[in-house]
file protein-v7.pdb (PDB, C-alpha atoms, pLDDT in the B column)
ATOM      1  CA  MET A  27      25.204 -52.129 -69.770  1.00 51.00           C
ATOM      2  CA  HIS A  28      22.074 -51.408 -67.746  1.00 57.00           C
ATOM      3  CA  ALA A  29      23.959 -51.852 -64.451  1.00 62.00           C
ATOM      4  CA  ARG A  30      26.769 -49.604 -65.701  1.00 63.00           C
ATOM      5  CA  TYR A  31      24.428 -46.686 -66.393  1.00 59.00           C
ATOM      6  CA  ARG A  32      22.182 -47.193 -63.372  1.00 64.00           C
ATOM      7  CA  PRO A  33      24.063 -44.670 -61.103  1.00 65.00           C
ATOM      8  CA  ALA A  34      23.886 -42.032 -63.844  1.00 63.00           C
ATOM      9  CA  ILE A  35      20.168 -42.672 -64.310  1.00 62.00           C
ATOM     10  CA  PHE A  36      19.558 -42.359 -60.569  1.00 59.00           C
ATOM     11  CA  ALA A  37      21.598 -39.148 -60.439  1.00 63.00           C
ATOM     12  CA  LEU A  38      19.661 -37.661 -63.344  1.00 64.00           C
ATOM     13  CA  ALA A  39      16.359 -38.633 -61.726  1.00 60.00           C
ATOM     14  CA  ALA A  40      17.454 -36.993 -58.468  1.00 58.00           C
ATOM     15  CA  ILE A  41      18.396 -33.775 -60.291  1.00 67.00           C
ATOM     16  CA  VAL A  42      15.028 -33.679 -62.060  1.00 55.00           C
ATOM     17  CA  ALA A  43      13.203 -34.291 -58.769  1.00 51.00           C
ATOM     18  CA  VAL A  44      15.116 -31.476 -57.055  1.00 50.00           C
ATOM     19  CA  TRP A  45      14.380 -29.161 -59.973  1.00 53.00           C
ATOM     20  CA  PHE A  46      10.654 -29.901 -59.833  1.00 48.00           C
ATOM     21  CA  ALA A  47      10.638 -29.406 -56.051  1.00 44.00           C
ATOM     22  CA  ALA A  48      12.421 -26.070 -56.394  1.00 42.00           C
ATOM     23  CA  ALA A  49      10.017 -24.939 -59.125  1.00 39.00           C
ATOM     24  CA  ALA A  50       7.029 -25.932 -57.017  1.00 36.00           C
ATOM     25  CA  GLY A  51       8.473 -24.120 -53.999  1.00 38.00           C
ATOM     26  CA  TYR A  52       9.050 -20.992 -56.077  1.00 34.00           C
ATOM     27  CA  HIS A  53       5.449 -20.964 -57.299  1.00 35.00           C
ATOM     28  CA  VAL A  54       4.163 -21.456 -53.751  1.00 33.00           C
ATOM     29  CA  PHE A  55       6.393 -18.607 -52.543  1.00 34.00           C
ATOM     30  CA  GLN A  56       5.175 -16.310 -55.312  1.00 37.00           C
ATOM     31  CA  HIS A  57       1.580 -17.183 -54.466  1.00 39.00           C
ATOM     32  CA  TYR A  58       1.995 -16.282 -50.798  1.00 57.00           C
ATOM     33  CA  LYS A  59       4.475 -13.417 -51.254  1.00 83.00           C
ATOM     34  CA  VAL A  60       3.184 -10.234 -49.655  1.00 88.00           C
ATOM     35  CA  THR A  61       2.927  -7.257 -52.004  1.00 93.00           C
ATOM     36  CA  ALA A  62       1.228  -3.872 -51.788  1.00 90.00           C
ATOM     37  CA  GLU A  63      -1.531  -5.281 -53.989  1.00 92.00           C
ATOM     38  CA  SER A  64      -2.080  -8.405 -51.858  1.00 93.00           C
ATOM     39  CA  LEU A  65      -2.135  -6.179 -48.771  1.00 94.00           C
ATOM     40  CA  ARG A  66      -4.762  -3.989 -50.427  1.00 93.00           C
ATOM     41  CA  ALA A  67      -6.867  -7.091 -51.118  1.00 93.00           C
ATOM     42  CA  TYR A  68      -6.585  -8.224 -47.481  1.00 95.00           C
ATOM     43  CA  LEU A  69      -7.747  -4.822 -46.225  1.00 94.00           C
ATOM     44  CA  GLN A  70     -10.659  -4.761 -48.652  1.00 93.00           C
ATOM     45  CA  GLU A  71     -11.763  -8.284 -47.779  1.00 94.00           C
ATOM     46  CA  ASN A  72     -11.854  -7.565 -44.033  1.00 93.00           C
ATOM     47  CA  ASP A  73     -13.695  -4.863 -42.124  1.00 93.00           C
ATOM     48  CA  LEU A  74     -11.990  -3.998 -38.831  1.00 94.00           C
ATOM     49  CA  ALA A  75     -15.106  -2.209 -37.561  1.00 93.00           C
ATOM     50  CA  LYS A  76     -17.010  -5.499 -37.640  1.00 94.00           C
ATOM     51  CA  LEU A  77     -14.372  -7.470 -35.745  1.00 94.00           C
ATOM     52  CA  HIS A  78     -14.257  -7.836 -31.982  1.00 94.00           C
ATOM     53  CA  GLY A  79     -12.252  -9.615 -29.304  1.00 94.00           C
ATOM     54  CA  SER A  80      -9.743 -12.248 -30.403  1.00 95.00           C
ATOM     55  CA  ALA A  81     -10.770 -11.986 -34.081  1.00 95.00           C
ATOM     56  CA  ARG A  82      -9.985  -8.264 -34.081  1.00 96.00           C
ATOM     57  CA  ALA A  83      -6.660  -8.793 -32.317  1.00 96.00           C
ATOM     58  CA  LYS A  84      -5.700 -11.500 -34.820  1.00 95.00           C
ATOM     59  CA  ALA A  85      -6.626  -9.275 -37.767  1.00 96.00           C
ATOM     60  CA  LEU A  86      -4.354  -6.514 -36.434  1.00 96.00           C
ATOM     61  CA  ARG A  87      -1.496  -8.975 -35.863  1.00 96.00           C
ATOM     62  CA  ASP A  88      -1.934 -10.318 -39.397  1.00 96.00           C
ATOM     63  CA  LEU A  89      -1.893  -6.798 -40.804  1.00 96.00           C
ATOM     64  CA  ALA A  90       1.316  -5.947 -38.949  1.00 95.00           C
ATOM     65  CA  ALA A  91       2.938  -9.201 -40.103  1.00 95.00           C
ATOM     66  CA  GLN A  92       2.055  -8.486 -43.737  1.00 96.00           C
ATOM     67  CA  ILE A  93       3.402  -4.931 -43.542  1.00 95.00           C
ATOM     68  CA  ASN A  94       6.655  -6.241 -42.057  1.00 94.00           C
ATOM     69  CA  ALA A  95       6.916  -8.798 -44.887  1.00 94.00           C
ATOM     70  CA  LEU A  96       6.800  -6.122 -47.592  1.00 93.00           C
ATOM     71  CA  SER A  97       9.964  -5.168 -49.426  1.00 90.00           C
ATOM     72  CA  PRO A  98      11.159  -1.592 -48.744  1.00 85.00           C
ATOM     73  CA  ASP A  99       9.812  -0.383 -52.097  1.00 86.00           C
ATOM     74  CA  GLU A 100       6.461  -2.135 -51.627  1.00 90.00           C
ATOM     75  CA  ARG A 101       6.226  -0.743 -48.104  1.00 88.00           C
ATOM     76  CA  ARG A 102       6.866   2.780 -49.387  1.00 85.00           C
ATOM     77  CA  GLU A 103       4.232   2.303 -52.092  1.00 85.00           C
ATOM     78  CA  ALA A 104       1.710   1.061 -49.556  1.00 88.00           C
ATOM     79  CA  ARG A 105       2.362   4.086 -47.353  1.00 85.00           C
ATOM     80  CA  LEU A 106       2.081   6.518 -50.264  1.00 81.00           C
ATOM     81  CA  ASN A 107      -1.276   4.946 -51.113  1.00 82.00           C
ATOM     82  CA  ARG A 108      -2.276   5.117 -47.419  1.00 86.00           C
ATOM     83  CA  LEU A 109      -3.518   1.560 -47.720  1.00 91.00           C
ATOM     84  CA  TRP A 110      -4.182   0.957 -44.038  1.00 93.00           C
ATOM     85  CA  ASN A 111      -5.295   4.488 -43.080  1.00 92.00           C
ATOM     86  CA  LYS A 112      -8.953   3.484 -42.778  1.00 93.00           C
ATOM     87  CA  TRP A 113      -8.050   0.666 -40.395  1.00 95.00           C
ATOM     88  CA  PHE A 114      -5.730   2.946 -38.426  1.00 94.00           C
ATOM     89  CA  GLU A 115      -8.479   5.517 -37.938  1.00 94.00           C
ATOM     90  CA  GLU A 116     -10.757   2.803 -36.560  1.00 95.00           C
ATOM     91  CA  MET A 117      -8.191   1.554 -34.031  1.00 95.00           C
ATOM     92  CA  THR A 118      -8.333   2.528 -30.385  1.00 95.00           C
ATOM     93  CA  GLU A 119      -5.409   4.555 -29.011  1.00 93.00           C
ATOM     94  CA  ALA A 120      -3.981   1.419 -27.399  1.00 94.00           C
ATOM     95  CA  GLU A 121      -4.301  -0.517 -30.673  1.00 96.00           C
ATOM     96  CA  LYS A 122      -2.616   2.319 -32.583  1.00 95.00           C
ATOM     97  CA  SER A 123       0.295   2.336 -30.154  1.00 92.00           C
ATOM     98  CA  ASP A 124       0.723  -1.451 -30.358  1.00 94.00           C
ATOM     99  CA  PHE A 125       0.392  -1.398 -34.144  1.00 95.00           C
ATOM    100  CA  LEU A 126       3.046   1.295 -34.569  1.00 93.00           C
ATOM    101  CA  GLU A 127       5.425  -0.554 -32.263  1.00 91.00           C
ATOM    102  CA  ALA A 128       4.825  -3.828 -34.114  1.00 93.00           C
ATOM    103  CA  THR A 129       5.551  -2.298 -37.527  1.00 93.00           C
ATOM    104  CA  LEU A 130       8.743  -0.409 -36.663  1.00 89.00           C
ATOM    105  CA  PRO A 131      11.494  -1.411 -39.102  1.00 85.00           C
ATOM    106  CA  SER A 132      14.352  -3.478 -37.709  1.00 83.00           C
ATOM    107  CA  GLY A 133      17.033  -1.255 -36.173  1.00 86.00           C
ATOM    108  CA  PHE A 134      14.738   1.767 -36.170  1.00 86.00           C
ATOM    109  CA  LYS A 135      15.517   2.979 -32.638  1.00 85.00           C
ATOM    110  CA  GLN A 136      19.261   2.605 -33.185  1.00 88.00           C
ATOM    111  CA  MET A 137      18.924   4.567 -36.424  1.00 88.00           C
ATOM    112  CA  LEU A 138      17.075   7.380 -34.671  1.00 87.00           C
ATOM    113  CA  ALA A 139      19.721   7.617 -31.953  1.00 87.00           C
ATOM    114  CA  SER A 140      22.509   7.630 -34.549  1.00 88.00           C
ATOM    115  CA  PHE A 141      20.694  10.256 -36.594  1.00 87.00           C
ATOM    116  CA  GLU A 142      20.439  12.621 -33.624  1.00 86.00           C
ATOM    117  CA  GLN A 143      24.214  12.430 -33.106  1.00 87.00           C
ATOM    118  CA  GLN A 144      24.808  14.110 -36.468  1.00 87.00           C
ATOM    119  CA  PRO A 145      25.318  17.901 -36.731  1.00 88.00           C
ATOM    120  CA  ALA A 146      22.114  19.913 -37.083  1.00 86.00           C
ATOM    121  CA  ASP A 147      22.831  21.004 -40.663  1.00 87.00           C
ATOM    122  CA  LYS A 148      23.425  17.422 -41.781  1.00 88.00           C
ATOM    123  CA  ARG A 149      20.233  16.240 -40.071  1.00 87.00           C
ATOM    124  CA  GLN A 150      18.242  18.928 -41.867  1.00 87.00           C
ATOM    125  CA  LYS A 151      19.793  18.004 -45.216  1.00 88.00           C
ATOM    126  CA  ALA A 152      18.926  14.353 -44.606  1.00 88.00           C
ATOM    127  CA  ILE A 153      15.317  15.283 -43.782  1.00 87.00           C
ATOM    128  CA  ASP A 154      15.031  17.522 -46.855  1.00 87.00           C
ATOM    129  CA  ASN A 155      16.481  14.791 -49.044  1.00 88.00           C
ATOM    130  CA  ALA A 156      14.073  12.189 -47.662  1.00 88.00           C
ATOM    131  CA  VAL A 157      11.065  14.479 -48.192  1.00 86.00           C
ATOM    132  CA  LYS A 158      12.244  15.142 -51.755  1.00 88.00           C
ATOM    133  CA  ARG A 159      12.561  11.434 -52.512  1.00 87.00           C
ATOM    134  CA  LEU A 160       9.115  10.712 -51.125  1.00 86.00           C
ATOM    135  CA  ARG A 161       7.623  13.487 -53.261  1.00 86.00           C
ATOM    136  CA  GLU A 162       9.387  12.126 -56.324  1.00 87.00           C
ATOM    137  CA  ALA A 163       8.113   8.625 -55.611  1.00 81.00           C
ATOM    138  CA  ARG A 164       4.566   9.973 -55.290  1.00 78.00           C
ATOM    139  CA  LEU A 165       4.720  12.023 -58.504  1.00 79.00           C
ATOM    140  CA  ASP A 166       6.672   9.475 -60.545  1.00 66.00           C
ATOM    141  CA  PRO A 167       5.827   5.965 -59.251  1.00 58.00           C
ATOM    142  CA  ALA A 168       7.808   2.912 -60.302  1.00 54.00           C
ATOM    143  CA  PRO A 169       6.603   0.797 -63.271  1.00 51.00           C
ATOM    144  CA  ASN A 170       3.602  -1.409 -62.410  1.00 53.00           C
ATOM    145  CA  SER A 171       3.050   0.659 -59.271  1.00 52.00           C
ATOM    146  CA  THR A 172      -0.499   1.074 -58.006  1.00 51.00           C
ATOM    147  CA  ASN A 173       0.349   4.424 -56.401  1.00 50.00           C
ATOM    148  CA  SER A 174      -2.569   6.728 -57.084  1.00 50.00           C
ATOM    149  CA  ALA A 175      -1.707   9.598 -54.723  1.00 49.00           C
ATOM    150  CA  GLY A 176      -0.185  11.749 -57.458  1.00 47.00           C
ATOM    151  CA  THR A 177      -0.346  15.492 -57.114  1.00 44.00           C
ATOM    152  CA  ASN A 178      -3.657  15.295 -55.271  1.00 48.00           C
ATOM    153  CA  GLY A 179      -2.218  13.514 -52.234  1.00 53.00           C
ATOM    154  CA  SER A 180      -1.666  15.283 -48.945  1.00 58.00           C
ATOM    155  CA  PRO A 181       1.839  16.669 -48.190  1.00 65.00           C
ATOM    156  CA  VAL A 182       4.563  14.189 -47.282  1.00 71.00           C
ATOM    157  CA  LEU A 183       4.803  15.987 -43.944  1.00 75.00           C
ATOM    158  CA  SER A 184       2.427  18.667 -42.662  1.00 79.00           C
ATOM    159  CA  ASP A 185       3.740  22.191 -42.092  1.00 79.00           C
ATOM    160  CA  ASP A 186       3.069  21.822 -38.371  1.00 82.00           C
ATOM    161  CA  LEU A 187       5.190  18.680 -38.059  1.00 81.00           C
ATOM    162  CA  GLN A 188       7.934  20.149 -40.231  1.00 77.00           C
ATOM    163  CA  LYS A 189       8.182  23.130 -37.869  1.00 79.00           C
ATOM    164  CA  LYS A 190       8.260  20.870 -34.806  1.00 82.00           C
ATOM    165  CA  VAL A 191      10.982  18.695 -36.317  1.00 81.00           C
ATOM    166  CA  ALA A 192      13.049  21.800 -37.146  1.00 76.00           C
ATOM    167  CA  MET A 193      12.673  23.199 -33.623  1.00 78.00           C
ATOM    168  CA  MET A 194      12.787  20.073 -31.436  1.00 81.00           C
ATOM    169  CA  GLY A 195      14.615  17.459 -33.475  1.00 83.00           C
ATOM    170  CA  LEU A 196      13.299  14.281 -35.048  1.00 83.00           C
ATOM    171  CA  GLN A 197      13.801  12.005 -32.042  1.00 84.00           C
ATOM    172  CA  SER A 198      12.144  14.414 -29.588  1.00 87.00           C
ATOM    173  CA  VAL A 199       9.152  14.927 -31.874  1.00 87.00           C
ATOM    174  CA  TYR A 200       8.698  11.217 -32.463  1.00 87.00           C
ATOM    175  CA  THR A 201       8.970  10.158 -28.833  1.00 86.00           C
ATOM    176  CA  THR A 202       6.559  12.827 -27.588  1.00 89.00           C
ATOM    177  CA  SER A 203       4.022  12.725 -30.422  1.00 88.00           C
ATOM    178  CA  SER A 204       0.568  11.208 -30.523  1.00 90.00           C
ATOM    179  CA  ALA A 205      -0.028   7.957 -32.391  1.00 91.00           C
ATOM    180  CA  GLN A 206      -1.512   9.941 -35.270  1.00 89.00           C
ATOM    181  CA  SER A 207       1.599  12.120 -35.605  1.00 88.00           C
ATOM    182  CA  LYS A 208       3.875   9.073 -35.348  1.00 90.00           C
ATOM    183  CA  ALA A 209       1.959   7.481 -38.207  1.00 90.00           C
ATOM    184  CA  GLU A 210       2.459  10.636 -40.272  1.00 88.00           C
ATOM    185  CA  LEU A 211       6.176  10.653 -39.468  1.00 88.00           C
ATOM    186  CA  ALA A 212       6.654   6.952 -40.286  1.00 88.00           C
ATOM    187  CA  PRO A 213       7.228   7.307 -44.071  1.00 88.00           C
ATOM    188  CA  LEU A 214       9.826  10.034 -43.509  1.00 87.00           C
ATOM    189  CA  LEU A 215      11.633   8.037 -40.829  1.00 88.00           C
ATOM    190  CA  GLU A 216      11.714   4.901 -42.963  1.00 89.00           C
ATOM    191  CA  GLU A 217      13.055   6.888 -45.921  1.00 89.00           C
ATOM    192  CA  ILE A 218      15.798   8.387 -43.749  1.00 89.00           C
ATOM    193  CA  GLN A 219      16.691   4.940 -42.418  1.00 89.00           C
ATOM    194  CA  LYS A 220      16.901   3.529 -45.937  1.00 87.00           C
ATOM    195  CA  ASN A 221      19.103   6.429 -47.041  1.00 86.00           C
ATOM    196  CA  MET A 222      21.371   5.953 -44.018  1.00 86.00           C
ATOM    197  CA  GLU A 223      21.708   2.238 -44.712  1.00 83.00           C
ATOM    198  CA  MET A 224      22.627   3.032 -48.331  1.00 79.00           C
ATOM    199  CA  GLY A 225      25.165   5.617 -47.149  1.00 72.00           C
ATOM    200  CA  ARG A 226      23.560   8.564 -48.916  1.00 63.00           C
ATOM    201  CA  ALA A 227      21.814  10.342 -46.040  1.00 58.00           C
ATOM    202  CA  PHE A 228      24.693  12.615 -45.039  1.00 61.00           C
ATOM    203  CA  ARG A 229      26.505  13.092 -48.324  1.00 58.00           C
ATOM    204  CA  GLY A 230      27.570  16.623 -49.055  1.00 51.00           C
ATOM    205  CA  ASN A 231      25.740  16.663 -52.387  1.00 45.00           C
TER     206      ASN A 231
END
call {"tool": "encode", "arguments": {"input": "protein-v7.pdb", "output": "structure tokens"}}
result
Amino acid sequence: MHARYRPAIFALAAIVAVWFAAAAGYHVFQHYKVTAESLRAYLQENDLAKLHGSARAKALRDLAAQINALSPDERREARLNRLWNKWFEEMTEAEKSDFLEATLPSGFKQMLASFEQQPADKRQKAIDNAVKRLREARLDPAPNSTNSAGTNGSPVLSDDLQKKVAMMGLQSVYTTSSAQSKAELAPLLEEIQKNMEMGRAFRGN
């Protein structure tokens, strides 16, 4: 009888072992998963102004890697909270340029080129829609969000940049702007890209 049930016992033991391994892996993943809150903790625990040489370069690479690991919603929340603004202000111009390039979303340049091929009225509608969604996200954050910008935050896009975008086009403004202006444009561009990927950027409504 024992020999007859031995294969079943081994199979059951294997299933239990796989289950425990999966559960352990899930807990490890959750522990190391990058969120807006874990990113905030990293920025608070490290002071870029006190770092130099290879340690400073590594800290900037780690920051970029964590930003890239955020989900789209967490990334938007982090931007609305301006989590890394203090670090960005302390970067040199070369570091800002490298940082912006390292944190561009996948397919960003292709999106920008595709966006510019749309008629002017549709591009403007897409920009207006993206600005509206960003304002809504700031005023009415998702549950459990740590977004504290609220109504006291600065505009989604400054009047000056809005005028430039209207006159020159999004791609021209982005490619000719300073690092500071590119950083200001980043939330808008990411929102437009997300809307394009979801197929709602150029809807008539």
call {"tool": "atom_distance", "arguments": {"input": "protein-v7.pdb", "atom1": "CA of Leu211 in chain A", "atom2": "CA of Leu69 in chain A"}}
result
21.9 Å
call {"tool": "closest_atom_pairs", "arguments": {"input": "protein-v7.pdb", "of": "range 71-141 of chain A", "to": "range 149-161 of chain A", "cutoff": "10 Å", "atoms": "all atoms listed in the file", "output": "CSV"}}
result
residue,atom,partner,partner_atom,distance
A:Arg102,CA,A:Leu160,CA,8.4
A:Glu103,CA,A:Leu160,CA,9.8
A:Leu106,CA,A:Leu160,CA,8.2
A:Phe141,CA,A:Arg149,CA,6.9
call {"tool": "axis_aligned_box", "arguments": {"input": "protein-v7.pdb", "around": "range 92-104 of chain A", "padding_each_side": "8 Å", "output": "AutoDock Vina command-line options"}}
result
--center_x 6.4 --center_y -3.0 --center_z -47.1 --size_x 25.4 --size_y 27.6 --size_z 26.0
call {"tool": "residues_around", "arguments": {"input": "protein-v7.pdb", "residues": "range 110-118 of chain A", "least_positions_apart": "5", "cutoff": "12 Å", "atoms": "only C-alpha atoms", "output": "VMD selection string"}}
result
chain A and resid 62 65 to 70 72 to 78 82 to 83 85 to 86 89 to 90 92 to 93 101 103 to 105 123 to 126 205 to 206 208 to 210
call {"tool": "residues_around", "arguments": {"input": "protein-v7.pdb", "residues": "Gln197 in chain A", "least_positions_apart": "2", "cutoff": "7 Å", "atoms": "only C-alpha atoms", "output": "PDB file with C-alpha atoms, in the frame of the given file"}}
result
ATOM      1  CA  LEU A 138      17.075   7.380 -34.671  1.00 87.00           C
ATOM      2  CA  GLU A 142      20.439  12.621 -33.624  1.00 86.00           C
ATOM      3  CA  GLY A 195      14.615  17.459 -33.475  1.00 83.00           C
ATOM      4  CA  VAL A 199       9.152  14.927 -31.874  1.00 87.00           C
ATOM      5  CA  TYR A 200       8.698  11.217 -32.463  1.00 87.00           C
ATOM      6  CA  THR A 201       8.970  10.158 -28.833  1.00 86.00           C
TER       7      THR A 201
END
